[in-house]
Each structure stands twice: as structure tokens, then as C-alpha cells.
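Engineer: Supplied structure: work23.csv, CSV, C-alpha atoms.
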```
chain,number,residue,atom,x,y,z
A,1,MET,CA,300.9,61.8,86.5
A,2,ALA,CA,297.4,61.0,85.3
A,3,LEU,CA,296.9,60.9,81.5
A,4,GLU,CA,293.9,63.0,80.4
A,5,LYS,CA,292.5,62.8,76.9
A,6,PRO,CA,292.9,66.2,75.2
A,7,PRO,CA,290.2,67.7,72.9
A,8,LEU,CA,291.5,66.9,69.4
A,9,PRO,CA,290.1,68.6,66.2
A,10,HIS,CA,288.5,66.8,63.3
A,11,VAL,CA,289.2,68.1,59.8
A,12,SER,CA,288.0,67.1,56.3
A,13,PRO,CA,290.4,65.4,53.9
A,14,GLY,CA,292.5,68.0,52.2
A,15,GLY,CA,291.4,70.7,54.6
A,16,PRO,CA,293.8,72.9,56.5
A,17,VAL,CA,294.7,72.3,60.2
A,18,ALA,CA,294.3,75.4,62.3
A,19,ALA,CA,297.1,76.4,64.7
A,20,GLN,CA,294.8,75.8,67.6
A,21,GLY,CA,294.1,72.2,66.4
A,22,TRP,CA,297.8,71.6,65.7
A,23,ASN,CA,298.7,72.8,69.2
A,24,ALA,CA,296.1,70.5,70.7
A,25,ILE,CA,297.7,67.5,68.9
A,26,VAL,CA,301.2,68.6,70.2
A,27,ASP,CA,299.9,69.1,73.7
A,28,GLY,CA,298.3,65.6,73.6
A,29,LEU,CA,301.6,64.0,72.6
A,30,LEU,CA,303.5,65.8,75.3
A,31,ALA,CA,301.0,64.7,77.9
A,32,LEU,CA,301.3,61.2,76.6
A,33,TYR,CA,305.1,61.3,76.9
A,34,ASP,CA,304.9,62.8,80.4
A,35,ALA,CA,302.5,60.1,81.6
A,36,VAL,CA,304.6,57.3,80.2
A,37,LEU,CA,307.7,58.7,81.8
A,38,ALA,CA,305.9,59.1,85.1
A,39,LEU,CA,305.3,55.3,85.1
A,40,GLY,CA,309.0,54.9,85.7
A,41,THR,CA,311.4,52.3,84.4
A,42,GLY,CA,313.4,51.8,87.6
A,43,HIS,CA,313.3,49.0,90.1
A,44,LEU,CA,313.9,48.4,93.8
A,45,ALA,CA,315.0,45.1,95.4
A,46,VAL,CA,313.8,44.9,99.0
A,47,ASN,CA,315.2,42.3,101.4
A,48,VAL,CA,312.9,41.7,104.4
A,49,ARG,CA,314.4,39.9,107.4
A,50,ALA,CA,313.6,39.1,111.0
A,51,GLY,CA,316.1,37.4,113.2
A,52,GLY,CA,318.4,36.7,110.3
A,53,GLU,CA,315.7,34.8,108.4
A,54,VAL,CA,313.9,36.0,105.2
A,55,VAL,CA,310.2,36.9,105.9
A,56,ARG,CA,308.4,35.4,102.9
A,57,ASP,CA,304.8,36.6,103.5
A,58,ALA,CA,305.4,40.3,103.7
A,59,THR,CA,303.5,43.1,101.8
A,60,VAL,CA,306.0,45.6,100.3
A,61,VAL,CA,304.8,48.9,98.9
A,62,ALA,CA,306.8,51.9,97.6
A,63,VAL,CA,305.2,55.3,97.9
A,64,PRO,CA,306.8,58.3,96.2
A,65,ASP,CA,307.7,61.4,98.3
A,66,GLY,CA,305.5,64.3,97.6
A,67,GLY,CA,302.5,62.2,96.6
A,68,GLY,CA,301.8,59.9,93.7
A,69,GLN,CA,300.8,56.4,92.8
A,70,PRO,CA,302.1,53.6,95.2
A,71,VAL,CA,303.7,50.6,93.6
A,72,MET,CA,303.4,47.1,95.1
A,73,SER,CA,306.2,44.5,94.9
A,74,LEU,CA,305.9,41.1,93.3
A,75,PRO,CA,305.6,38.3,95.9
A,76,LEU,CA,308.6,36.0,96.5
A,77,PHE,CA,308.8,33.0,94.2
A,78,GLY,CA,311.1,30.1,93.9
A,79,ALA,CA,314.5,30.7,95.5
A,80,ALA,CA,314.1,34.5,95.4
A,81,THR,CA,314.9,36.2,98.7
A,82,SER,CA,314.2,39.8,97.8
A,83,TYR,CA,310.9,41.5,96.9
A,84,LEU,CA,311.1,43.3,93.5
A,85,ILE,CA,309.3,46.6,92.9
A,86,THR,CA,309.3,47.5,89.2
A,87,GLY,CA,308.0,50.6,87.4
A,88,VAL,CA,309.3,53.2,89.8
A,89,SER,CA,310.5,56.6,88.6
A,90,ALA,CA,313.6,58.5,89.6
A,91,GLY,CA,313.4,60.2,92.9
A,92,SER,CA,312.8,59.6,96.6
A,93,TRP,CA,310.5,56.9,97.8
A,94,GLN,CA,309.3,55.4,101.1
A,95,VAL,CA,309.2,51.6,101.3
A,96,HIS,CA,306.4,50.4,103.6
A,97,VAL,CA,306.6,46.8,104.8
A,98,ARG,CA,304.0,44.8,106.7
A,99,ALA,CA,304.0,41.1,107.7
A,100,PRO,CA,301.8,39.0,110.0
A,101,GLY,CA,303.2,38.9,113.5
A,102,PHE,CA,305.6,41.8,113.0
A,103,GLN,CA,305.5,45.5,113.6
A,104,PRO,CA,305.2,47.6,110.3
A,105,ALA,CA,308.3,49.3,109.1
A,106,VAL,CA,309.1,52.2,106.7
A,107,VAL,CA,312.5,52.9,105.2
A,108,PRO,CA,313.6,55.5,102.6
A,109,ALA,CA,314.9,54.6,99.2
A,110,THR,CA,316.3,56.6,96.2
A,111,VAL,CA,315.8,55.6,92.6
A,112,PRO,CA,317.8,54.8,90.5
A,113,THR,CA,320.0,52.5,92.6
A,114,ASP,CA,321.6,49.1,92.3
A,115,ILE,CA,321.8,48.7,96.1
A,116,GLU,CA,319.3,46.3,97.7
A,117,VAL,CA,317.1,47.9,100.3
A,118,THR,CA,317.2,45.9,103.6
A,119,VAL,CA,314.3,46.1,106.0
A,120,GLY,CA,314.5,44.5,109.5
A,121,LEU,CA,311.2,43.6,111.1
A,122,THR,CA,310.6,43.5,114.9
A,123,PRO,CA,308.3,40.8,116.2
A,124,ALA,CA,305.0,42.0,117.5
A,125,GLY,CA,305.0,39.2,120.1
A,126,ALA,CA,307.1,36.2,121.1
A,127,VAL,CA,308.8,34.0,118.5
A,128,VAL,CA,308.0,30.3,119.1
A,129,PRO,CA,311.2,28.3,119.4
A,130,ASP,CA,311.8,25.0,117.6
A,131,LEU,CA,311.0,22.3,120.2
A,132,PHE,CA,311.0,19.2,118.0
A,133,GLY,CA,313.1,16.4,119.5
A,134,LEU,CA,313.7,18.1,122.8
A,135,GLY,CA,312.9,16.3,126.0
A,136,LEU,CA,309.7,17.7,127.6
A,137,SER,CA,311.5,19.3,130.5
A,138,ASP,CA,314.0,21.0,128.1
A,139,ALA,CA,311.1,22.1,125.9
A,140,LEU,CA,309.2,23.7,128.8
A,141,ARG,CA,312.4,25.6,129.8
A,142,ARG,CA,312.9,26.9,126.3
A,143,MET,CA,309.3,28.1,126.1
A,144,ARG,CA,309.5,30.0,129.4
A,145,GLU,CA,312.8,31.6,128.3
A,146,ALA,CA,310.8,32.9,125.3
A,147,ASN,CA,308.0,34.2,127.7
A,148,LEU,CA,305.6,31.5,126.5
A,149,GLU,CA,303.4,29.3,128.6
A,150,PRO,CA,302.4,25.7,127.7
A,151,GLY,CA,298.9,24.8,126.8
A,152,LEU,CA,297.5,21.3,126.2
A,153,MET,CA,300.1,18.6,126.4
A,154,ILE,CA,299.4,15.0,125.4
A,155,ASP,CA,301.3,11.9,124.5
A,156,THR,CA,300.9,9.8,121.4
A,157,LEU,CA,298.3,7.7,123.2
A,158,GLY,CA,296.1,10.7,124.0
A,159,HIS,CA,297.0,10.9,127.7
A,160,GLU,CA,297.1,14.4,129.0
A,161,ILE,CA,300.3,15.5,130.8
A,162,SER,CA,300.3,18.1,133.6
A,163,SER,CA,302.5,21.1,132.9
A,164,VAL,CA,302.6,22.1,136.6
A,165,ARG,CA,304.4,19.0,137.7
A,166,VAL,CA,305.6,16.8,134.8
A,167,PRO,CA,305.6,13.1,135.8
A,168,VAL,CA,309.0,11.6,136.0
A,169,GLU,CA,308.4,9.2,133.2
A,170,TYR,CA,307.6,12.1,130.8
A,171,GLN,CA,310.5,14.4,131.6
A,172,ASN,CA,312.7,13.1,128.8
A,173,SER,CA,309.9,12.2,126.3
A,174,PRO,CA,310.8,13.9,123.0
A,175,VAL,CA,308.5,16.5,121.5
A,176,LEU,CA,307.0,15.2,118.2
A,177,ALA,CA,304.7,18.1,117.3
A,178,GLN,CA,304.0,21.6,118.4
A,179,LEU,CA,301.4,24.3,117.7
A,180,PRO,CA,302.1,27.2,116.9
A,181,MET,CA,304.9,26.1,114.6
A,182,ALA,CA,308.5,27.1,115.2
A,183,GLY,CA,309.2,30.6,114.0
A,184,ASP,CA,305.6,31.8,114.4
A,185,VAL,CA,304.9,34.9,116.3
A,186,THR,CA,302.3,34.8,119.0
A,187,ASP,CA,301.0,37.1,121.8
A,188,PRO,CA,302.6,35.9,125.0
A,189,THR,CA,299.7,37.1,127.1
A,190,THR,CA,297.1,35.0,125.3
A,191,GLY,CA,299.1,32.4,123.2
A,192,ARG,CA,299.7,29.0,124.5
A,193,VAL,CA,302.0,26.3,123.0
A,194,GLN,CA,300.4,22.9,122.6
A,195,LEU,CA,302.7,19.9,122.5
A,196,VAL,CA,302.5,16.2,121.5
A,197,VAL,CA,305.3,14.0,123.0
A,198,ALA,CA,306.2,10.4,122.8
A,199,ALA,CA,304.4,8.1,125.1
A,200,ALA,CA,306.3,7.1,128.3
A,201,ILE,CA,307.6,3.6,128.3
A,202,ALA,CA,306.5,1.7,131.4
A,203,GLU,CA,309.4,-0.6,132.6
A,204,GLU,CA,308.1,-3.7,134.3
A,205,PRO,CA,310.5,-5.3,136.8
A,206,VAL,CA,312.2,-8.4,135.6
A,207,ILE,CA,312.8,-11.5,137.8
A,208,THR,CA,315.0,-14.3,136.8
A,209,VAL,CA,313.3,-17.6,137.7
A,210,PRO,CA,315.9,-20.0,139.2
A,211,SER,CA,316.0,-23.7,138.3
A,212,LEU,CA,313.5,-25.7,140.3
A,213,ALA,CA,314.7,-29.1,139.1
A,214,GLY,CA,315.0,-31.7,141.8
A,215,LEU,CA,313.0,-29.7,144.4
A,216,THR,CA,309.8,-30.9,146.0
A,217,GLN,CA,306.6,-28.9,145.4
A,218,ALA,CA,306.9,-27.4,148.9
A,219,GLU,CA,310.5,-26.5,148.4
A,220,ALA,CA,309.8,-24.9,144.9
A,221,ALA,CA,306.9,-22.9,146.4
A,222,ARG,CA,309.2,-21.5,149.2
A,223,VAL,CA,311.9,-20.5,146.7
A,224,LEU,CA,309.4,-18.7,144.5
A,225,GLU,CA,307.8,-16.9,147.4
A,226,GLN,CA,311.2,-15.5,148.4
A,227,LEU,CA,311.3,-13.9,144.9
A,228,GLY,CA,307.8,-12.5,145.2
A,229,LEU,CA,306.3,-15.2,142.9
A,230,ARG,CA,303.6,-17.7,143.6
A,231,LEU,CA,303.5,-21.3,142.5
A,232,GLY,CA,300.7,-21.9,140.1
A,233,LYS,CA,299.0,-25.1,138.9
A,234,VAL,CA,301.3,-28.1,139.1
A,235,SER,CA,301.3,-30.8,136.5
A,236,VAL,CA,302.8,-34.2,137.2
A,237,ARG,CA,304.1,-36.2,134.2
A,238,THR,CA,304.9,-39.8,134.6
A,239,THR,CA,307.0,-41.8,132.2
```
Could you express the structure from this file as C-alpha cells?
Structural biologist:
Amino acid sequence: MALEKPPLPHVSPGGPVAAQGWNAIVDGLLALYDAVLALGTGHLAVNVRAGGEVVRDATVVAVPDGGGQPVMSLPLFGAATSYLITGVSAGSWQVHVRAPGFQPAVVPATVPTDIEVTVGLTPAGAVVPDLFGLGLSDALRRMREANLEPGLMIDTLGHEISSVRVPVEYQNSPVLAQLPMAGDVTDPTTGRVQLVVAAAIAEEPVITVPSLAGLTQAEAARVLEQLGLRLGKVSVRTT
């Protein structure tokens, strides 16, 4: 209820107050009481969740049935998991909830109540899975299960990795970073998940060099050639 200033009479000290003036004062006080009571002293606690997790960046607004002033909730703070709407009057309300990446939702509520209002949101796109620590092949499988396609993939040295045919040396490389982040909601028709994985370790073949003591230079060269090695510069030390 909007509070309107009534016309109040002015009288001289000691002068009488007319009935019309007195009634204007009484009507003004009644209007003031009605306006204060319309502000409401009740509250609503609204728990907003998606996939079992609290949605912390939602906008929660209560709208009274039959028209009236909407009331917005306080944002979440600290360890709070419910949005608190204060200053609501007794009666029926509609709680409107919006959050980035989710479809808007509306649920009814009745004041007064001590029961928390629970609102479940439905993603407006695909939820990005947590890929950190997964091998690249497993990460790509998880993405496609979520109807997401890979975008740019590089290793920690800046080398680009093909998502069409992942090289063998990168198939088990763990994911170190991803964009969008885990839990973000993205449009699967346009969104692409970019990954940074650990650089592949190149394993060089190891050959054990046999003892060449007591062999002539020619004999040592033949032994090394059989192992795929080549005799380099020979130094002769005399004692």
C-alpha cells in the first residue's frame, strides 16, 4: 500500500479543532498504520539448487499475488545456502528465480511459514564436467557424453593437439586446465571446451654399452655397429 500524505489542518494555539480537522488527523494515522503493516514483517528462506548443488549467483524475487511491491532477496554470504527474503506480508506470493545458464523458475509460497522454499533449476544448456586429472582420452569421452565438443587443445609447451586423432603419446596425458570451468553451463551447439594437458614425455631408447676392454679398435667397432652405435674418435694413452 502506498502511503499518501493527507491534508492536515493548522490551528492557532488555544483554538478549537474542528471535527473535519480531527478526522483528517485520524485518517492520516490509520493510513500510516496500514502502510507500515503492508511492508510486512515476515520472511521467506529460498534454497536454490541444480544437480544437488547450491546455485550461488541466483536472483530471487517474491511477488505478491494480486499485485503489489516485489521484494528481492539478500545475496548469499559466508556459509549461507538459502536466499533470505525479508519484509513480506502475510498472504500468497510467487517466488521468481533466475540464474545465468539456467531456465527461469517460479514457485508459489505462503507467508507466514517456517518451511524453506526449495527451487530446482534446469540447465539451459550442457553442464561442463570436471575434467581435471583425467587422461586426455577419458576427458574427451566425458565431454562427448555431455554433448560437448572439444575446442583448442594444447600441452604445457604450447604444442597443439588434434582432437580428431589424438596422438598415442597424449592419450593418457592428464588434463591440467579447462575452459569453461567445471559446473559451468554452455550452449552445446556453439560452446567448445578448451583443454591444457601435460606435455608428452618422449622416451629415448636406451642401449647398454658392453665392455670393450681388451679388444682391438676394429673389434670394438664391429661390436658397436651390431648395437647400432658408431665408434667415434679414439684416443690412445701410453704409460
Engineer: Please tabulate, as CSV, the residues of range 129-220 of chain A that come within 12 Å of range 47-60 of chain A, each with its closest pair of atoms and the distance in Å to one decimal, counting only C-alpha atoms and ordering rows by chain, then residue number upward.
Structural biologist:
```
residue,atom,partner,partner_atom,distance
A:Gly183,CA,A:Glu53,CA,9.6
A:Asp184,CA,A:Val55,CA,10.9
A:Val185,CA,A:Ala50,CA,11.0
```
Engineer: Could you check how far CA of Thr113 in chain A sits from CA of Gln69 in chain A, in Å to one decimal?
Structural biologist: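 Distance between the two atoms: 19.6 Å.
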Engineer: May I have the residues within 12 Å of Val206 in chain A as a PyMOL selection string, using all atoms listed in the file and disregarding those fewer than 4 positions away in the same chain?
Structural biologist: chain A and resi 227-229
Engineer: Selection from above, C-alpha atoms, as a CSV table (one decimal), in the frame of the given file, can you write it?
Structural biologist:
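Here's the written file out_33.csv:
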```
chain,number,residue,atom,x,y,z
A,227,LEU,CA,311.3,-13.9,144.9
A,228,GLY,CA,307.8,-12.5,145.2
A,229,LEU,CA,306.3,-15.2,142.9
```
Engineer: Any idea what the distance is between CA of Glu149 in chain A and CA of Leu134 in chain A?
Structural biologist: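 Straight-line distance from CA of Glu149 in chain A to CA of Leu134 in chain A works out to 16.3 Å.
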Engineer: For each of A:Glu160, A:Asp187, A:Asp155, A:Asp65, take the minimum atom-to-atom distance to Ser173 in chain A, counting only C-alpha atoms, then give the residue where this is smallest.
Structural biologist: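 That would be A:Asp155, the residue with the smallest distance to Ser173 in chain A.
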Engineer: Could you jot down the CA of Phe102 in chain A to CA of Gly42 in chain A separation for me, Å, one decimal place?
Structural biologist: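 These atoms are spaced 28.4 Å apart.
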Engineer: Would you mind telling me which residue in A:Ser163, A:Asn23, A:Ser73, A:Ser211 lies nearest to Arg141 in chain A when using only C-alpha atoms?
Structural biologist: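 Closest residue, counting only C-alpha atoms: A:Ser163.
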Engineer: Between A:Val71, A:Leu121, A:Leu29, A:Met153, which one has atoms that come closest to Pro100 in chain A, using all atoms listed in the file?
Structural biologist: A:Leu121
Engineer: Given all atoms listed in the file as the basis, pick out the residue of A:Pro167, A:Leu148, A:Leu44, A:Gly78 nearest to Ile115 in chain A.
Structural biologist: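 Distance minimum relative to Ile115 in chain A lands on A:Leu44.
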Engineer: Compute the distance from (315.6, 50.7, 102.7) to each atom, counting all atoms listed in the file, keep the residues with any atom at most 6 Å away, and return them as an NGL selection string; use the coordinates of the file.
Structural biologist: :A and (107-109 or 117-119)
Engineer: Emit the selected residues as a PDB file, in the coordinates of the input, including C-alpha atoms.
Structural biologist:
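Final output, saved to again_36.pdb:
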```pdb
ATOM      1  CA  VAL A 107     312.500  52.900 105.200  1.00  0.00           C
ATOM      2  CA  PRO A 108     313.600  55.500 102.600  1.00  0.00           C
ATOM      3  CA  ALA A 109     314.900  54.600  99.200  1.00  0.00           C
ATOM      4  CA  VAL A 117     317.100  47.900 100.300  1.00  0.00           C
ATOM      5  CA  THR A 118     317.200  45.900 103.600  1.00  0.00           C
ATOM      6  CA  VAL A 119     314.300  46.100 106.000  1.00  0.00           C
TER       7      VAL A 119
END
```
Engineer: Can you list, as an MDAnalysis selection string, every protein, DNA or RNA residue that comes within 12 Å of Ser137 in chain A when you count all atoms listed in the file, leaving out same-chain residues fewer than 3 positions away?
Structural biologist: chainID A and resid 131 133:134 140:144 150 161:175 195 197
